[in-house]
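Below is one structure, written out as structure tokens; comments come after it.
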Amino acid sequence: MDLVRETKINNLKALEQKAKACTNCGLRAGCRGVVFGEGNLNSPVMFVGEGPGQTEDELGRPFVGKAGQLLDKILLAAELPRETVYITNIVKCRPPGNRTPNMQEMQTCLPWLRQQFTVMRPRFMVLLGLAASHGIIDPNLKMGPNHGQWFERGNTLIMPTYHPAAILRNPSLRKPAWEDFQKISRAVKEWAH
Ligand code: SF4
């Protein structure tokens with residue numbers, strides 16, 4: 001294993017241990033544990049969802065429920081298999097009843113995501129759903145006109161797109177979401193060449 005990869009793994013493991021002890025917001029009191037994130041640390045792309053749901057809270061892994069299964073399928077079809085990317089959420093603890101995390105909870109949890117980002121330095125960040133998009137790009141962002149657009153922040157390109165749970169609820173979002181994932185796939189391939 002090369003030194004850069006080994007250092008990343010060690011840094012992220014240390015960060016995960018610290019995050020697991022976090023009680024910085026009220027969400028920790030209502031969940032089983034902190035769901036930190038997982039995936040390929042050397043990936044140029046990081047996916048950020050809203051927060052763990054019931055299955056994620058039970059298993060301690062992000063995007064493993066029904067929405068996660070759909071995400072896996074979309075990633076595979078876009079030639080970005082799950083094991084090649086990194087996946088996490090803007091809040092690491094399950095909000096009660098799977099409600100949307102509020103802005104204060106997202107802001108309180110953001111330092112963990114920032115530190116994950118600092119370790120990985122991904123070229124692309126994909127925000128799955130409005131909550132992550134509001135917390136990271138702009139609290140007034142609307143998904144309809146803004147999904148699929150790249151927002152440049154330093155050396156990183158950030159794209160908001162539909163959360164797979166929203167696609168499950170509303171199948172008419174399949175097409176625009178798929179177009180976004182094709183765009184992400186093209187960008188990652190171009191970056192790799
Ligand atoms: S949601 Fe984030 S800030 Fe709140 S307790 Fe969990 S890890 Fe800490």
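Quick note on naming: the chains in the structure tokens go A, B, ... in the order shown, residues restart at 1 in each chain, and ligands are numbered from 1 in order of appearance.
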### Query
Among segment 3-149 of chain A, which residues carry a DSSP assignment of strand (DSSP E or B), reported as a ChimeraX atom specification?
/A:38-39,45-49,86-89,124-128
### Query
Which residues, written as an NGL selection string, have at least one atom at most 9 Å from segment 156-159 of chain A, with only C-alpha atoms counted and residues fewer than 4 positions away on the same chain left out?
:A and (121-128 or 133 or 137 or 146-152 or 180 or 184)
Can I get the selection written as a JSON list (two decimals), in the first residue's frame, with C-alpha atoms?
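Saved the output as selection-v2.json:
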[["chain", "number", "residue", "atom", "x", "y", "z"],
["A", 121, "ARG", "CA", -9.67, 16.23, -1.17],
["A", 122, "PRO", "CA", -12.16, 14.92, -3.77],
["A", 123, "ARG", "CA", -12.38, 16.76, -7.09],
["A", 124, "PHE", "CA", -16.17, 16.31, -7.19],
["A", 125, "MET", "CA", -18.85, 16.45, -4.52],
["A", 126, "VAL", "CA", -22.39, 15.34, -5.34],
["A", 127, "LEU", "CA", -25.14, 16.51, -2.99],
["A", 128, "LEU", "CA", -28.06, 14.11, -2.86],
["A", 133, "SER", "CA", -27.63, 21.26, -1.01],
["A", 137, "ILE", "CA", -24.31, 25.44, -1.32],
["A", 146, "ASN", "CA", -30.25, 23.92, -10.09],
["A", 147, "HIS", "CA", -29.91, 20.13, -10.23],
["A", 148, "GLY", "CA", -27.15, 18.94, -12.53],
["A", 149, "GLN", "CA", -25.21, 22.21, -12.37],
["A", 150, "TRP", "CA", -21.61, 22.32, -11.22],
["A", 151, "PHE", "CA", -20.82, 24.92, -8.56],
["A", 152, "GLU", "CA", -17.12, 25.70, -8.26],
["A", 180, "ASP", "CA", -27.18, 14.24, -13.80],
["A", 184, "ILE", "CA", -21.05, 13.14, -13.20]]
Enumerate, in order of chain and increasing residue number, the residues of chain A with an atom no farther than 6 Å from ligand 1, each with its shortest atom pair and distance in Å to one decimal, counting only C-alpha atoms and all ligand atoms, as a tab-separated table.
residue	atom	partner	partner_atom_place_in_ligand_line	distance
A:Ala19	CA	ligand 1	7 (S)	5.7
A:Cys22	CA	ligand 1	8 (Fe)	4.3
A:Thr23	CA	ligand 1	5 (S)	4.1
A:Asn24	CA	ligand 1	8 (Fe)	4.5
A:Cys25	CA	ligand 1	4 (Fe)	3.9
A:Leu27	CA	ligand 1	4 (Fe)	5.2
A:Arg28	CA	ligand 1	5 (S)	4.2
A:Val34	CA	ligand 1	7 (S)	5.7
A:Val91	CA	ligand 1	1 (S)	4.6
A:Lys92	CA	ligand 1	1 (S)	4.6
A:Cys93	CA	ligand 1	1 (S)	4.2
A:Thr108	CA	ligand 1	3 (S)	5.0
A:Cys109	CA	ligand 1	3 (S)	3.7
### Query
Quick one: residues within 8 Å of Glu50 of chain A, only C-alpha atoms counted, chain neighbours fewer than 6 positions away excluded, as a PyMOL selection string?
chain A and resi 89-91+100-101+128-129+131-132
### Task
Could you give me, as a PyMOL selection string, the residues within 9 Å of Leu168 of chain A, counting only C-alpha atoms and dropping anything in the same chain fewer than 4 positions from it?
chain A and resi 66-67+70+163-164+173-174
#### Entry: Residue with smallest distance to Gln182 of chain A - pool A:Thr161, A:Asn11, A:Thr88, A:Gln104, counting only C-alpha atoms
A:Thr161
### Query
What's the 9 Å shell around Gly37 of chain A, counting only C-alpha atoms, without same-chain residues fewer than 2 positions away, as a list in words?
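The residues that qualify are Glu16, Val35, Gly39, Gly60, Arg61, Pro62, Tyr86, Ile87, Thr88, Asn89 and Lys92 of chain A.
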Restricting the output to N, CA and C atoms, write the selected residues as a tab-separated table (two decimals), in the first residue's frame.
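For reference, again_7.tsv as written:
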chain	number	residue	atom	x	y	z
A	16	GLU	N	-12.97	9.10	12.37
A	16	GLU	CA	-14.19	8.33	12.62
A	16	GLU	C	-14.32	8.01	14.11
A	35	VAL	N	-23.20	7.45	12.06
A	35	VAL	CA	-22.91	6.78	10.78
A	35	VAL	C	-21.95	7.70	10.02
A	39	GLY	N	-16.29	4.07	1.93
A	39	GLY	CA	-16.01	4.02	0.49
A	39	GLY	C	-14.53	4.13	0.18
A	60	GLY	N	-25.19	0.95	10.79
A	60	GLY	CA	-24.01	1.81	10.94
A	60	GLY	C	-23.35	2.14	9.62
A	61	ARG	N	-24.11	2.04	8.51
A	61	ARG	CA	-23.55	2.33	7.19
A	61	ARG	C	-24.48	3.28	6.44
A	62	PRO	N	-23.92	4.16	5.59
A	62	PRO	CA	-24.78	5.10	4.87
A	62	PRO	C	-25.42	4.45	3.65
A	86	TYR	N	-16.91	7.48	-2.53
A	86	TYR	CA	-17.08	7.63	-1.08
A	86	TYR	C	-18.46	8.21	-0.81
A	87	ILE	N	-19.14	7.66	0.21
A	87	ILE	CA	-20.52	8.07	0.50
A	87	ILE	C	-20.66	8.44	1.98
A	88	THR	N	-21.27	9.60	2.22
A	88	THR	CA	-21.54	10.00	3.59
A	88	THR	C	-22.79	10.89	3.63
A	89	ASN	N	-23.05	11.52	4.75
A	89	ASN	CA	-24.23	12.38	4.90
A	89	ASN	C	-23.84	13.69	5.56
A	92	LYS	N	-24.58	13.02	10.67
A	92	LYS	CA	-24.12	11.64	10.86
A	92	LYS	C	-25.01	10.82	11.78
### Task
Please measure the separation of atom CA of Leu41 of chain A and atom CA of Arg5 of chain A, giving the value in Å to one decimal.
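Taking atom CA of Leu41 of chain A and atom CA of Arg5 of chain A, their separation equals 7.7 Å.
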### Task
Could you tell me which of A:Thr118, A:Thr55, A:Asn98, A:Thr84 comes closest to Leu15 of chain A if we count only C-alpha atoms?
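Ranking A:Thr118, A:Thr55, A:Asn98, A:Thr84 by distance to Leu15 of chain A, first place goes to A:Thr118.
Using only C-alpha atoms, the nearest neighbour of Gln17 of chain A within the list A:Cys31, A:Ala187, A:Trp112, A:Gly154 is A:Trp112.
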